[in-house]
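Coordinates as given in protein_26.txt (compact mmCIF, C-alpha atoms and all ligand atoms):
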# COMPACT_ATOMS: atom_id res chain seq x y z
CA MET H 72 44.54 45.26 -26.35
CA ILE H 73 42.37 43.35 -23.99
CA MET H 74 39.49 43.55 -26.42
CA ASP H 75 41.58 41.77 -28.97
CA GLY H 76 40.51 38.20 -29.29
CA LEU H 77 37.23 38.60 -27.37
CA ASP H 78 35.24 37.63 -30.44
CA ALA H 79 37.48 34.63 -31.00
CA LEU H 80 37.06 33.63 -27.36
CA LYS H 81 33.31 33.95 -27.64
CA LYS H 82 33.20 31.85 -30.77
CA LYS H 83 35.47 29.21 -29.28
CA TYR H 84 33.34 28.72 -26.16
CA LEU H 85 29.89 29.03 -27.70
CA ASP H 86 30.80 26.55 -30.45
CA GLY H 87 32.33 24.22 -27.86
CA ILE H 88 29.22 24.36 -25.71
CA MET H 89 26.94 23.66 -28.65
CA ALA H 90 29.07 20.67 -29.60
CA ALA H 91 29.30 19.22 -26.08
CA SER H 92 27.56 15.88 -25.95
CA GLU H 93 27.48 15.28 -22.22
CA GLU H 94 27.41 17.18 -18.96
CA GLY H 95 31.06 16.42 -18.11
CA ALA H 96 32.27 18.22 -21.23
CA LEU H 97 30.13 21.23 -20.31
CA GLU H 98 31.74 21.38 -16.88
CA THR H 99 35.23 21.30 -18.43
CA LEU H 100 34.26 24.16 -20.72
CA ARG H 101 32.79 26.11 -17.84
CA LEU H 102 36.00 25.84 -15.85
CA ALA H 103 38.15 26.70 -18.86
CA ALA H 104 36.11 29.83 -19.57
CA ILE H 105 34.77 31.28 -16.38
CA GLY H 106 36.35 29.11 -13.67
CA LYS H 107 38.76 30.91 -11.29
CA LYS H 108 41.64 30.43 -13.70
CA GLY H 109 39.52 30.39 -16.84
CA GLU H 110 40.31 32.52 -19.86
CA VAL H 111 37.53 35.02 -19.28
CA ALA H 112 38.35 35.26 -15.59
CA MET H 113 42.01 35.96 -16.39
CA LYS H 114 41.00 38.74 -18.71
CA MET H 115 38.80 40.21 -16.03
CA ARG H 116 41.78 40.37 -13.70
CA GLU H 117 43.56 42.55 -16.23
CA LEU H 118 40.85 45.20 -15.85
CA GLY H 119 42.73 46.54 -12.82
CA LYS H 120 45.72 47.47 -14.90
CA MET H 121 43.73 49.47 -17.42
CA THR H 122 43.14 53.13 -17.71
CA PRO H 123 39.64 54.16 -16.61
CA LYS H 124 38.74 54.82 -20.22
CA GLU H 125 39.77 51.36 -21.36
CA ARG H 126 38.03 49.78 -18.40
CA LYS H 127 34.77 51.54 -19.28
CA SER H 128 34.42 49.60 -22.51
CA ALA H 129 36.26 46.39 -21.58
CA GLY H 130 34.37 45.78 -18.30
CA PRO H 131 30.87 45.56 -19.79
CA ALA H 132 32.15 43.56 -22.78
CA LEU H 133 33.73 40.94 -20.53
CA ASN H 134 30.65 40.79 -18.31
CA ALA H 135 28.46 40.35 -21.36
CA LEU H 136 30.69 37.53 -22.60
CA LYS H 137 30.54 35.82 -19.22
CA GLY H 138 26.75 36.14 -19.22
CA GLU H 139 26.47 34.65 -22.69
CA ILE H 140 28.64 31.70 -21.74
CA ILE H 141 26.58 31.06 -18.59
CA SER H 142 23.29 31.06 -20.51
CA ALA H 143 24.70 28.90 -23.29
CA LEU H 144 25.89 26.40 -20.67
CA ALA H 145 22.45 26.35 -19.04
CA ALA H 146 20.61 25.99 -22.34
CA ARG H 147 22.84 23.16 -23.50
CA LYS H 148 22.54 21.40 -20.15
CA ALA H 149 18.75 21.53 -20.38
CA SER H 150 18.66 20.17 -23.90
CA LEU H 151 21.07 17.36 -23.02
CA GLY H 152 18.72 16.48 -20.12
CA ASP H 153 15.69 16.42 -22.43
CA ALA H 154 17.53 14.21 -24.88
CA ALA H 155 18.54 11.81 -22.12
CA LEU H 156 14.93 11.61 -20.91
CA GLU H 157 13.66 11.08 -24.42
CA ALA H 158 16.15 8.28 -24.94
CA ARG H 159 14.88 6.59 -21.81
CA LEU H 160 11.25 7.03 -22.80
CA TRP H 161 11.73 5.54 -26.21
CA LEU H 162 9.22 2.75 -26.63
CA ASP H 163 10.91 -0.59 -27.07
CA VAL H 164 8.24 -2.87 -28.45
CA THR H 165 10.48 -5.89 -27.99
CA MET H 166 10.65 -5.36 -24.23
CA ALA H 167 8.91 -8.00 -22.10
CA GLY H 168 5.62 -6.85 -20.54
CA ARG H 169 5.34 -6.37 -16.80
CA PRO H 170 3.14 -8.97 -15.15
CA SER H 171 -0.10 -7.10 -14.44
CA ARG H 172 -2.00 -7.41 -11.19
CA GLN H 173 -5.38 -8.99 -11.80
CA GLY H 174 -8.14 -6.87 -10.29
CA SER H 175 -11.16 -8.49 -8.68
CA ILE H 176 -14.81 -7.84 -7.99
CA HIS H 177 -15.64 -6.79 -4.43
CA PRO H 178 -17.99 -9.16 -2.58
CA VAL H 179 -20.55 -6.36 -2.18
CA SER H 180 -20.65 -5.81 -5.95
CA GLN H 181 -20.76 -9.54 -6.58
CA VAL H 182 -23.63 -10.10 -4.14
CA THR H 183 -25.57 -7.09 -5.46
CA GLU H 184 -25.34 -8.61 -8.94
CA GLU H 185 -26.38 -12.02 -7.64
CA VAL H 186 -29.40 -10.57 -5.84
CA ALA H 187 -30.40 -8.56 -8.91
CA ALA H 188 -30.12 -11.66 -11.12
CA ILE H 189 -32.40 -13.68 -8.82
CA PHE H 190 -35.01 -10.95 -8.48
CA ALA H 191 -34.91 -10.25 -12.21
CA ASP H 192 -35.94 -13.88 -12.67
CA LEU H 193 -38.89 -13.22 -10.36
CA GLY H 194 -39.94 -10.18 -12.42
CA PHE H 195 -38.40 -7.41 -10.29
CA SER H 196 -36.52 -4.55 -11.93
CA VAL H 197 -33.82 -2.42 -10.33
CA ALA H 198 -34.54 1.13 -9.10
CA GLU H 199 -32.24 3.71 -7.58
CA GLY H 200 -32.42 6.84 -5.46
CA PRO H 201 -30.02 9.49 -4.14
CA GLN H 202 -27.79 8.89 -1.12
CA ILE H 203 -28.39 12.44 0.15
CA GLU H 204 -32.10 12.57 0.93
CA SER H 205 -34.50 15.15 2.24
CA ASP H 206 -35.82 14.30 5.69
CA TRP H 207 -39.25 14.03 4.05
CA PHE H 208 -38.30 11.09 1.81
CA ASN H 209 -36.14 9.43 4.46
CA PHE H 210 -38.61 9.84 7.35
CA ASP H 211 -41.95 11.68 6.99
CA ALA H 212 -43.12 9.96 3.82
CA LEU H 213 -42.34 6.64 5.51
CA ASN H 214 -44.66 7.49 8.39
CA ILE H 215 -41.79 8.48 10.69
CA PRO H 216 -42.87 11.88 12.12
CA PRO H 217 -40.25 14.29 13.55
CA GLU H 218 -40.79 13.18 17.17
CA HIS H 219 -40.58 9.46 16.32
CA PRO H 220 -37.77 7.65 18.23
CA THR H 221 -36.57 5.96 15.01
CA ARG H 222 -35.02 9.26 13.95
CA THR H 223 -32.56 9.12 16.82
CA GLU H 224 -32.33 5.32 16.96
CA MET H 225 -31.00 5.31 13.43
CA ASP H 226 -28.10 7.63 14.40
CA THR H 227 -28.69 9.80 11.39
CA PHE H 228 -25.95 11.84 9.70
CA TYR H 229 -27.25 15.32 8.91
CA MET H 230 -25.84 17.48 6.12
CA HIS H 231 -24.51 20.94 6.87
CA ARG H 232 -26.82 23.95 6.87
CA ASP H 233 -25.68 27.53 7.35
CA ALA H 234 -26.57 28.96 10.76
CA ASP H 235 -29.20 31.33 9.30
CA ASP H 236 -30.81 28.59 7.18
CA THR H 237 -33.86 27.38 9.07
CA ARG H 238 -34.79 24.49 6.76
CA VAL H 239 -34.45 20.96 8.18
CA PRO H 240 -31.12 19.67 6.92
CA ASN H 241 -30.90 16.90 4.37
CA VAL H 242 -29.67 13.55 5.62
CA LEU H 243 -27.47 10.76 4.37
CA ARG H 244 -30.22 8.20 3.83
CA THR H 245 -30.42 5.78 6.76
CA HIS H 246 -32.10 3.07 4.68
CA THR H 247 -33.11 2.33 1.09
CA SER H 248 -36.84 2.71 1.94
CA PRO H 249 -37.08 6.29 0.53
CA VAL H 250 -36.59 4.72 -2.91
CA GLN H 251 -40.05 3.13 -2.40
CA ILE H 252 -41.61 6.60 -2.26
CA ARG H 253 -39.61 7.95 -5.20
CA TYR H 254 -40.51 4.95 -7.33
CA MET H 255 -44.22 5.07 -6.46
CA GLN H 256 -44.37 8.80 -7.23
CA GLU H 257 -42.74 8.35 -10.58
CA HIS H 258 -44.15 5.04 -11.82
CA GLY H 259 -47.28 4.31 -9.75
CA ALA H 260 -48.70 0.82 -9.26
CA PRO H 261 -48.60 -2.07 -9.98
CA CYS H 262 -44.87 -2.53 -9.64
CA ARG H 263 -42.13 -4.93 -8.61
CA ILE H 264 -38.73 -3.46 -7.83
CA ILE H 265 -35.60 -3.92 -5.82
CA ALA H 266 -33.40 -0.96 -4.88
CA PRO H 267 -29.83 -1.73 -3.85
CA GLY H 268 -27.51 0.95 -2.54
CA ARG H 269 -25.44 2.61 0.12
CA VAL H 270 -26.95 3.72 3.42
CA TYR H 271 -25.44 5.53 6.40
CA ARG H 272 -25.72 5.34 10.19
CA ALA H 273 -23.30 6.55 12.85
CA ASP H 274 -22.28 3.16 14.20
CA TYR H 275 -19.00 1.20 14.20
CA ASP H 276 -18.12 -2.27 15.51
CA GLN H 277 -17.56 -5.80 14.17
CA THR H 278 -20.99 -5.91 12.55
CA HIS H 279 -21.63 -2.19 11.92
CA THR H 280 -19.92 0.35 9.68
CA PRO H 281 -21.08 3.98 9.19
CA MET H 282 -21.71 3.19 5.51
CA PHE H 283 -23.22 -0.13 4.53
CA HIS H 284 -25.45 -1.57 1.81
CA GLN H 285 -29.11 -2.47 1.74
CA ILE H 286 -31.45 -3.87 -0.80
CA GLU H 287 -35.05 -2.73 -0.69
CA GLY H 288 -37.89 -4.74 -2.20
CA LEU H 289 -41.32 -3.42 -3.15
CA ALA H 290 -44.20 -5.23 -4.84
CA LEU H 291 -47.57 -3.54 -5.31
CA GLY H 292 -50.68 -5.00 -6.89
CA ARG H 293 -54.40 -5.46 -6.31
CA ASP H 294 -54.12 -8.48 -4.05
CA ILE H 295 -50.49 -8.95 -3.07
CA SER H 296 -50.23 -10.45 0.43
CA MET H 297 -47.77 -11.62 3.07
CA ALA H 298 -48.04 -15.09 1.52
CA ASN H 299 -46.52 -13.73 -1.69
CA LEU H 300 -43.78 -12.13 0.39
CA LYS H 301 -42.94 -15.40 2.09
CA TRP H 302 -42.82 -17.29 -1.19
CA VAL H 303 -40.66 -14.67 -2.88
CA LEU H 304 -38.20 -14.60 0.03
CA GLU H 305 -37.95 -18.40 0.21
CA GLU H 306 -37.34 -18.57 -3.53
CA PHE H 307 -34.75 -15.86 -3.16
CA PHE H 308 -32.83 -17.44 -0.27
CA SER H 309 -32.81 -20.89 -1.87
CA ALA H 310 -31.38 -19.43 -5.07
CA PHE H 311 -28.95 -17.13 -3.26
CA PHE H 312 -27.47 -19.73 -0.91
CA GLU H 313 -27.78 -22.36 -3.66
CA ILE H 314 -29.62 -24.73 -1.29
CA ASP H 315 -33.09 -26.04 -2.13
CA GLY H 316 -35.98 -25.41 0.21
CA ILE H 317 -34.48 -23.02 2.78
CA LYS H 318 -37.09 -22.33 5.48
CA THR H 319 -37.87 -18.85 6.74
CA ARG H 320 -39.43 -17.79 10.03
CA PHE H 321 -41.52 -14.64 10.32
CA ARG H 322 -41.48 -12.89 13.70
CA ALA H 323 -43.96 -10.11 14.45
CA SER H 324 -42.11 -6.80 14.60
CA HIS H 325 -42.65 -3.11 14.17
CA PHE H 326 -41.68 -0.66 11.45
CA PRO H 327 -43.55 2.64 11.03
CA PHE H 328 -43.78 2.08 7.25
CA THR H 329 -45.30 -1.43 7.28
CA GLU H 330 -48.43 -2.89 8.91
CA PRO H 331 -48.24 -5.70 9.81
CA SER H 332 -44.45 -5.94 10.08
CA ALA H 333 -42.21 -8.95 10.37
CA GLU H 334 -38.59 -9.68 10.89
CA VAL H 335 -37.49 -12.65 8.85
CA ASP H 336 -35.03 -15.32 9.95
CA ILE H 337 -33.53 -18.07 7.84
CA GLN H 338 -32.84 -21.59 8.95
CA CYS H 339 -29.29 -22.36 10.09
CA SER H 340 -27.18 -24.56 12.33
CA TRP H 341 -24.34 -23.71 14.69
CA SER H 342 -21.91 -26.46 15.59
CA ASP H 343 -18.30 -26.12 16.75
CA GLY H 344 -18.58 -22.41 16.09
CA GLN H 345 -19.41 -23.24 12.45
CA LEU H 346 -22.46 -21.61 10.93
CA LYS H 347 -24.36 -23.46 8.22
CA ILE H 348 -27.25 -21.86 6.37
CA GLY H 349 -30.28 -23.88 5.22
CA GLU H 350 -30.07 -26.71 7.74
CA GLY H 351 -30.63 -27.39 11.43
CA ASP H 352 -33.07 -25.66 13.74
CA ASP H 353 -31.44 -22.40 14.69
CA TRP H 354 -32.50 -19.12 13.12
CA MET H 355 -30.56 -16.16 11.80
CA GLU H 356 -32.22 -12.77 11.35
CA VAL H 357 -31.72 -11.42 7.84
CA LEU H 358 -34.29 -8.77 7.04
CA GLY H 359 -37.20 -6.53 7.97
CA SER H 360 -40.45 -6.59 6.02
CA GLY H 361 -44.18 -6.12 6.03
CA MET H 362 -47.23 -4.88 4.16
CA VAL H 363 -46.75 -1.30 2.98
CA HIS H 364 -48.55 1.10 5.36
CA PRO H 365 -51.50 2.96 3.76
CA LYS H 366 -49.91 6.29 4.75
CA VAL H 367 -46.77 5.31 2.84
CA LEU H 368 -48.85 4.42 -0.22
CA ALA H 369 -50.55 7.82 0.10
CA ALA H 370 -47.18 9.62 0.29
CA GLY H 371 -46.22 7.80 -2.88
CA GLY H 372 -49.44 8.98 -4.56
CA ILE H 373 -50.97 5.48 -4.64
CA ASP H 374 -54.66 4.86 -3.93
CA ALA H 375 -54.59 2.56 -0.89
CA ASP H 376 -58.15 1.38 -1.64
CA LYS H 377 -56.97 -0.05 -4.95
CA TYR H 378 -53.45 -1.23 -4.27
CA GLN H 379 -51.56 -3.00 -1.56
CA GLY H 380 -48.26 -4.80 -1.38
CA PHE H 381 -45.21 -5.85 0.52
CA ALA H 382 -41.81 -4.28 1.15
CA PHE H 383 -38.63 -5.58 2.66
CA GLY H 384 -35.15 -4.30 3.46
CA MET H 385 -32.10 -6.51 3.74
CA GLY H 386 -28.41 -5.89 4.48
CA ILE H 387 -26.29 -6.80 1.45
CA ASP H 388 -23.03 -6.89 3.40
CA ARG H 389 -24.65 -9.15 5.96
CA ILE H 390 -25.85 -11.77 3.47
CA ALA H 391 -22.46 -11.55 1.72
CA MET H 392 -20.77 -12.38 5.05
CA LEU H 393 -23.12 -15.33 5.55
CA LYS H 394 -22.70 -16.74 2.05
CA TYR H 395 -18.96 -16.33 1.74
CA GLY H 396 -17.95 -16.89 5.37
CA ILE H 397 -16.51 -13.41 5.92
CA PRO H 398 -16.13 -12.76 9.67
CA ASP H 399 -15.65 -8.98 10.06
CA LEU H 400 -17.77 -6.37 8.31
CA ARG H 401 -15.18 -3.61 8.80
CA ALA H 402 -12.72 -5.43 6.51
CA PHE H 403 -15.16 -4.87 3.63
CA PHE H 404 -14.21 -1.22 3.52
CA ASP H 405 -10.51 -1.29 4.47
CA SER H 406 -9.29 -1.61 0.83
CA ASP H 407 -6.70 -4.16 1.95
CA LEU H 408 -5.44 -5.83 -1.24
CA ARG H 409 -4.74 -9.13 0.53
CA TRP H 410 -8.36 -9.24 1.69
CA LEU H 411 -9.65 -8.29 -1.75
CA ARG H 412 -7.56 -10.99 -3.40
CA HIS H 413 -8.84 -13.55 -0.94
CA TYR H 414 -12.54 -12.65 -0.99
CA GLY H 415 -12.77 -10.99 -4.39
CA PHE H 416 -14.35 -12.53 -7.48
CA ARG H 417 -13.07 -12.88 -10.97
CA ALA H 418 -13.98 -9.99 -13.23
CA LEU H 419 -16.07 -10.78 -16.32
CA ASP H 420 -17.91 -13.68 -14.64
CA MET H 421 -21.36 -12.18 -14.41
CA PRO H 422 -23.63 -14.02 -11.99
CA SER H 423 -26.63 -15.59 -13.68
CA LEU H 424 -29.10 -18.24 -12.61
CA HIS H 425 -28.27 -20.60 -15.47
CA ALA H 426 -24.45 -20.21 -15.41
CA GLY H 427 -24.17 -20.24 -11.61
CA LEU H 428 -24.30 -17.29 -9.30
CA SER H 429 -20.94 -17.28 -7.63
CA GLY H 430 -18.74 -18.35 -10.54
N1 LIG H 501 -35.94 0.15 6.32
C1 LIG H 501 -35.85 -0.89 7.31
C2 LIG H 501 -34.46 -0.80 7.96
O1 LIG H 501 -33.62 -0.15 7.48
C3 LIG H 501 -36.04 -2.25 6.71
C4 LIG H 501 -37.40 -2.46 6.12
C5 LIG H 501 -37.66 -2.15 4.81
C6 LIG H 501 -38.44 -2.96 6.91
C7 LIG H 501 -38.92 -2.35 4.27
C8 LIG H 501 -39.69 -3.17 6.38
C9 LIG H 501 -39.92 -2.85 5.08
O2 LIG H 501 -34.23 -1.43 8.96
Could you take the file, read its structure, and then write that structure out as structure tokens?
Amino acid sequence: MIMDGLDALKKKYLDGIMAASEEGALETLRLAAIGKKGEVAMKMRELGKMTPKERKSAGPALNALKGEIISALAARKASLGDAALEARLWLDVTMAGRPSRQGSIHPVSQVTEEVAAIFADLGFSVAEGPQIESDWFNFDALNIPPEHPTRTEMDTFYMHRDADDTRVPNVLRTHTSPVQIRYMQEHGAPCRIIAPGRVYRADYDQTHTPMFHQIEGLALGRDISMANLKWVLEEFFSAFFEIDGIKTRFRASHFPFTEPSAEVDIQCSWSDGQLKIGEGDDWMEVLGSGMVHPKVLAAGGIDADKYQGFAFGMGIDRIAMLKYGIPDLRAFFDSDLRWLRHYGFRALDMPSLHAGLSG
């Protein structure tokens, strides 16, 4: 008796569920079928009045029907959801485009390109080296022996070594000078290169960040002298700051990898807290330089009796700050969009000497 009409019930609800076109209709069907007072639920209540024999076949049949209805409801609900999503994702080619945010070139990238353009004009090509260096390339080959104070002065970051590994750990390069050695070993002399890139020292304040950028210069030949260095640097600074005839001042200094060594200042003026490059009679330190030490040439596989030359190392971030009036170095690496929009450069304007360096 109770089994009568079960097939009809099943058909009625499964067809209804398949035909439902929105979630509300599914809910109505759910209540009508298996809700507290639903048709299936009512039939289940009648189980109590049956003989055990009848119940044995009717119970499982009703449970099976309930299960089928529940899965049909779930399946239909999922497919309605997919359809709704698909409808929303439909591409409307007539829709107005969203205004896109214009990206910009970071001052460090811009200045690196500017420096490379100027040195390319002077016959220098660009070389590169790894940021994780062996202590040999970063120190020993540059005439900085293990006990040399420079190793601690530079606040070197050491890479991890396992406790049982007795090798000297690699370092994050503290300067771009190891690229000198790598280039000499691979290409020999004569040569003229610059090597821009990231360098690392554990230091942090308004003018120091643990990662910053340097540009190394190296020129080797039979008779290259400090006079060539001075001319090249003056040409460079005049082109870079776009001011003719910038004067430089060489101060005797010391670097283990150059002999003699000089720190180089450029002419500037300070008035009312305003810094101007290329005028006045104050001086601003911008780089370290010198004649490549014979031991460094030897480490690079160069015959020091045949070749000599100059090298210099300059902070890219620092000259970017000077040229574009950027007060705090730390802001370079904060990724603050407002800062980037203010100090950034238009993409696609490549610096060149004829078209203008800074766009
Ligand atoms: N490597 C030096 C530094 O990081 C700069 C330098 C490079 C000095 C080449 C002389 C020659 O301070």
| message | So the first atom is atom CA of Gly380 of chain H and the second is atom CA of Trp207 of chain H; what is the distance between them in Å, to one decimal place? | response | 21.6 Å
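Atom pair atom CA of Ala290 of chain H / atom CA of Met255 of chain H: separated by 10.4 Å.
Every protein, DNA or RNA residue with an atom at most 10 Å from segment 307-314 of chain H, where all atoms listed in the file count and chain neighbours fewer than 4 positions away do not, is listed here: Val182, Glu185, Val186, Ala188, Ile189, Phe190, Asp192, Leu193, Lys301, Trp302, Val303, Lys318, Thr319, Ile337, Ile348, Gly349, Glu350, Ile390, Ala391, Leu393, Lys394, Tyr395, Leu424, Gly427, Leu428 and Ser429 of chain H.
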What are the centre and edge lengths in Å, to one decimal, of the axis-aligned box around all listed atoms of ligand LIG 501 (chain H) with 6 Å added on each side, as JSON?
{"center_x": -36.8, "center_y": -1.5, "center_z": 6.6, "size_x": 18.3, "size_y": 15.3, "size_z": 16.7}
| task | Calculate how many Å separate atom CA of Met362 of chain H from atom CA of Leu289 of chain H, rounding to one decimal. | result |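 Taking atom CA of Met362 of chain H and atom CA of Leu289 of chain H, their separation equals 9.5 Å.
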Could I get the residue neighbourhood of ligand LIG 501 (chain H) at 9 Å, counting all atoms listed in the file, as an mmCIF file with C-alpha atoms, in the frame of the given file?
data_model
loop_
_atom_site.group_PDB
_atom_site.id
_atom_site.type_symbol
_atom_site.label_atom_id
_atom_site.label_comp_id
_atom_site.auth_asym_id
_atom_site.auth_seq_id
_atom_site.Cartn_x
_atom_site.Cartn_y
_atom_site.Cartn_z
ATOM 1 C CA MET H 225 -31.000 5.310 13.430
ATOM 2 C CA THR H 245 -30.420 5.780 6.760
ATOM 3 C CA HIS H 246 -32.100 3.070 4.680
ATOM 4 C CA THR H 247 -33.110 2.330 1.090
ATOM 5 C CA SER H 248 -36.840 2.710 1.940
ATOM 6 C CA PRO H 249 -37.080 6.290 0.530
ATOM 7 C CA GLN H 251 -40.050 3.130 -2.400
ATOM 8 C CA VAL H 270 -26.950 3.720 3.420
ATOM 9 C CA GLN H 285 -29.110 -2.470 1.740
ATOM 10 C CA ILE H 286 -31.450 -3.870 -0.800
ATOM 11 C CA GLU H 287 -35.050 -2.730 -0.690
ATOM 12 C CA GLY H 288 -37.890 -4.740 -2.200
ATOM 13 C CA LEU H 289 -41.320 -3.420 -3.150
ATOM 14 C CA HIS H 325 -42.650 -3.110 14.170
ATOM 15 C CA PHE H 326 -41.680 -0.660 11.450
ATOM 16 C CA PRO H 327 -43.550 2.640 11.030
ATOM 17 C CA PHE H 328 -43.780 2.080 7.250
ATOM 18 C CA THR H 329 -45.300 -1.430 7.280
ATOM 19 C CA SER H 332 -44.450 -5.940 10.080
ATOM 20 C CA ALA H 333 -42.210 -8.950 10.370
ATOM 21 C CA GLU H 334 -38.590 -9.680 10.890
ATOM 22 C CA LEU H 358 -34.290 -8.770 7.040
ATOM 23 C CA GLY H 359 -37.200 -6.530 7.970
ATOM 24 C CA SER H 360 -40.450 -6.590 6.020
ATOM 25 C CA GLY H 361 -44.180 -6.120 6.030
ATOM 26 C CA MET H 362 -47.230 -4.880 4.160
ATOM 27 C CA VAL H 363 -46.750 -1.300 2.980
ATOM 28 C CA PHE H 381 -45.210 -5.850 0.520
ATOM 29 C CA ALA H 382 -41.810 -4.280 1.150
ATOM 30 C CA PHE H 383 -38.630 -5.580 2.660
ATOM 31 C CA GLY H 384 -35.150 -4.300 3.460
ATOM 32 C CA MET H 385 -32.100 -6.510 3.740
ATOM 33 C CA GLY H 386 -28.410 -5.890 4.480
#
If I only want segment 214-245 of chain H, can you write it with C-alpha atoms, as a PDB file, in the first residue's frame?
ATOM      1  CA  ASN H 214      94.063  41.676  -2.096  1.00  0.00           C
ATOM      2  CA  ILE H 215      91.913  41.561   1.047  1.00  0.00           C
ATOM      3  CA  PRO H 216      93.418  38.687   3.100  1.00  0.00           C
ATOM      4  CA  PRO H 217      91.322  36.955   5.809  1.00  0.00           C
ATOM      5  CA  GLU H 218      92.747  39.055   8.665  1.00  0.00           C
ATOM      6  CA  HIS H 219      92.224  42.365   6.826  1.00  0.00           C
ATOM      7  CA  PRO H 220      89.958  44.804   8.746  1.00  0.00           C
ATOM      8  CA  THR H 221      87.915  45.520   5.587  1.00  0.00           C
ATOM      9  CA  ARG H 222      86.243  42.142   5.992  1.00  0.00           C
ATOM     10  CA  THR H 223      84.605  43.258   9.220  1.00  0.00           C
ATOM     11  CA  GLU H 224      84.316  46.932   8.268  1.00  0.00           C
ATOM     12  CA  MET H 225      82.112  45.963   5.353  1.00  0.00           C
ATOM     13  CA  ASP H 226      79.627  44.193   7.676  1.00  0.00           C
ATOM     14  CA  THR H 227      79.479  41.193   5.422  1.00  0.00           C
ATOM     15  CA  PHE H 228      76.460  38.894   5.172  1.00  0.00           C
ATOM     16  CA  TYR H 229      77.599  35.272   5.165  1.00  0.00           C
ATOM     17  CA  MET H 230      75.583  32.462   3.605  1.00  0.00           C
ATOM     18  CA  HIS H 231      74.583  29.453   5.670  1.00  0.00           C
ATOM     19  CA  ARG H 232      76.900  26.457   5.989  1.00  0.00           C
ATOM     20  CA  ASP H 233      76.024  23.245   7.789  1.00  0.00           C
ATOM     21  CA  ALA H 234      77.805  22.851  11.131  1.00  0.00           C
ATOM     22  CA  ASP H 235      80.028  20.020   9.826  1.00  0.00           C
ATOM     23  CA  ASP H 236      80.959  21.923   6.649  1.00  0.00           C
ATOM     24  CA  THR H 237      84.363  23.480   7.249  1.00  0.00           C
ATOM     25  CA  ARG H 238      84.582  25.493   4.017  1.00  0.00           C
ATOM     26  CA  VAL H 239      84.524  29.299   4.351  1.00  0.00           C
ATOM     27  CA  PRO H 240      80.949  30.329   3.654  1.00  0.00           C
ATOM     28  CA  ASN H 241      80.000  32.226   0.531  1.00  0.00           C
ATOM     29  CA  VAL H 242      79.040  35.857   0.987  1.00  0.00           C
ATOM     30  CA  LEU H 243      76.516  38.264  -0.439  1.00  0.00           C
ATOM     31  CA  ARG H 244      78.960  40.397  -2.400  1.00  0.00           C
ATOM     32  CA  THR H 245      79.841  43.561  -0.484  1.00  0.00           C
TER      33      THR H 245
END
